[in-house]
There are 2 protein chains.
Amino acid sequence: MKPSSGNLFAEIAAARDGEQFTDLLAGPSLRLERIVSLGQATPAGEWLDQNEAEWVILLRGAAKLTFEGEPSARELQPGDYVTIPARCRHRVDWTSPDGPTIWLALHYAA
Amino acid sequence: MKPSSGNLFAEIAAARDGEQFTDLLAGPSLRLERIVSLGQATPAGEWLDQNEAEWVILLRGAAKLTFEGEPSARELQPGDYVTIPARCRHRVDWTSPDGPTIWLALHYAA
């Protein structure tokens with residue numbers, strides 16, 4: 001097998017009407033995904049609730065995340081990462097409307 | 001379990017006499033690691049040869065990687081990532097001496 005390559009900041013096609021999801025790696029116990037947001041948020045009153053754990057880092061842009069039981073949102077700047085245990089309810093309250101917010105998300109069986 | 005967090009660009013302590021390695025996540029079939037280089041390279045005549053596959057992205061700085069059998073080095077800029085199959089011999093020819101080169105490396109059982 002030969003080494004394959006790409007650039008995480010290339011081919012950005014975020015739009016206000018939908019986030020962009022790109023799988024970078026997929027295996028039996030992990031999936032690595034790039035997500036590009038442009039102003040999207042989790043719908044009001046809803047939570048994200050995942051069967052697998054997730055390690056996610058924000059690399060460009062800005063966002064606010066709320067975790068169930070926490071009094072206020074966490075503001076994420078470039079370089080900020082969060083490990084989200086499986087079944088830990090959370091929501092994306094806000095992503096910057098001014099330009100793409102680029103996330104790298106590792107979904108894995110904990 | 002509560003969500004844990006950090007910033008990938010904080011607490012950079014690279015030095016010319018040694019790279020900085022920080023485990024961000026470790027599980028039965030994966031390990032996520034931050035590596036900070038400052039001018040280091042694989043010793044002349046040596047190859048890196050790993051039992052596990054690796055997905056690695058350069059997020060700050062610059063580097064050159066050579067893969068066995070390829071005629072020339074690949075130059076990596078921020079955002080560039082490479083998937084390195086297990087047992088694929090490679091070397092880091094050069095990392096920038098001008099400031100920290102920050103890598104995020106995911107080691108996993110393919």
# chains A, B, ... in the order shown; residues from 1 in each chain; ligands from 1
call {"tool": "residues_around", "arguments": {"residues": "region 92-99 of chain B", "least_positions_apart": "6", "cutoff": "10 Å", "atoms": "only C-alpha atoms", "output": "list in words"}}
result
Ala14, Ala15, Arg16, Val36, Ser37, Leu38, Gly39, Gln40, Ala41, Thr42, Pro43, Ala44, Glu46, Trp47, Leu48, Arg60, Gly61, Ala62, Ala63, Lys64, Leu65, Thr66, Phe67, Ala73, Arg74, Glu75 and Leu76 of chain B
call {"tool": "interface_residues", "arguments": {"of": "chain A", "to": "chain B", "cutoff": "10 Å", "atoms": "only C-alpha atoms", "output": "MDAnalysis selection string"}}
result
chainID A and resid 1:10 24:30 32 54:59 67:70 76:88 90 106 108:110
call {"tool": "select_by_dssp", "arguments": {"residues": "region 23-69 of chain A", "states": "strand (DSSP E or B)", "output": "compact mmCIF listing (two decimals) with N, CA and C atoms, in the first residue's frame"}}
result
# COMPACT_ATOMS: atom_id res chain seq x y z
N ASP A 23 -15.29 11.90 5.04
CA ASP A 23 -14.57 10.86 5.77
C ASP A 23 -13.12 10.83 5.30
N LEU A 24 -12.20 10.89 6.24
CA LEU A 24 -10.78 10.84 5.91
C LEU A 24 -10.21 9.45 6.12
N LEU A 25 -10.84 8.71 7.01
CA LEU A 25 -10.32 7.39 7.40
C LEU A 25 -11.49 6.64 8.01
N ALA A 26 -11.61 5.36 7.67
CA ALA A 26 -12.66 4.57 8.29
C ALA A 26 -12.15 3.16 8.54
N LEU A 30 -12.91 2.88 14.25
CA LEU A 30 -12.74 4.33 14.26
C LEU A 30 -13.19 4.92 12.93
N ARG A 31 -13.53 6.18 12.98
CA ARG A 31 -13.83 6.95 11.78
C ARG A 31 -13.34 8.37 12.01
N LEU A 32 -12.56 8.86 11.05
CA LEU A 32 -12.01 10.21 11.15
C LEU A 32 -12.68 11.05 10.08
N GLU A 33 -13.20 12.19 10.49
CA GLU A 33 -14.10 12.95 9.62
C GLU A 33 -13.75 14.44 9.69
N ARG A 34 -13.78 15.09 8.54
CA ARG A 34 -13.72 16.54 8.54
C ARG A 34 -15.13 17.08 8.43
N ILE A 35 -15.43 18.08 9.25
CA ILE A 35 -16.73 18.73 9.18
C ILE A 35 -16.49 20.21 8.95
N VAL A 36 -17.19 20.78 7.98
CA VAL A 36 -17.10 22.22 7.75
C VAL A 36 -18.48 22.81 7.98
N SER A 37 -18.52 23.77 8.90
CA SER A 37 -19.78 24.44 9.25
C SER A 37 -19.72 25.89 8.80
N LEU A 48 -27.34 16.23 20.69
CA LEU A 48 -26.59 15.18 20.00
C LEU A 48 -26.27 14.11 21.05
N ALA A 53 -17.70 7.23 21.38
CA ALA A 53 -16.98 8.40 21.90
C ALA A 53 -16.47 9.21 20.71
N GLU A 54 -16.19 10.48 20.97
CA GLU A 54 -15.70 11.36 19.92
C GLU A 54 -14.63 12.28 20.50
N TRP A 55 -13.53 12.40 19.76
CA TRP A 55 -12.52 13.42 20.06
C TRP A 55 -12.62 14.41 18.91
N VAL A 56 -12.86 15.67 19.23
CA VAL A 56 -13.07 16.63 18.15
C VAL A 56 -12.25 17.88 18.43
N ILE A 57 -11.63 18.40 17.37
CA ILE A 57 -10.83 19.61 17.49
C ILE A 57 -11.32 20.63 16.47
N LEU A 58 -11.40 21.87 16.91
CA LEU A 58 -11.75 22.97 16.01
C LEU A 58 -10.44 23.57 15.50
N LEU A 59 -10.30 23.63 14.18
CA LEU A 59 -9.02 24.10 13.62
C LEU A 59 -9.11 25.46 12.95
N ARG A 60 -10.28 25.82 12.48
CA ARG A 60 -10.49 27.18 11.97
C ARG A 60 -11.89 27.62 12.35
N ALA A 63 -16.80 28.34 17.54
CA ALA A 63 -18.05 27.65 17.84
C ALA A 63 -18.33 27.70 19.32
N LYS A 64 -19.58 27.40 19.67
CA LYS A 64 -19.97 27.24 21.07
C LYS A 64 -20.65 25.90 21.23
N LEU A 65 -20.21 25.14 22.23
CA LEU A 65 -20.75 23.81 22.53
C LEU A 65 -21.34 23.83 23.93
N THR A 66 -22.50 23.22 24.07
CA THR A 66 -23.05 23.04 25.42
C THR A 66 -23.17 21.55 25.73
N PHE A 67 -22.76 21.19 26.93
CA PHE A 67 -22.91 19.81 27.40
C PHE A 67 -24.02 19.78 28.44
call {"tool": "atom_distance", "arguments": {"atom1": "CA of Asp17 (chain B)", "atom2": "CA of Arg89 (chain B)"}}
result
24.3 Å
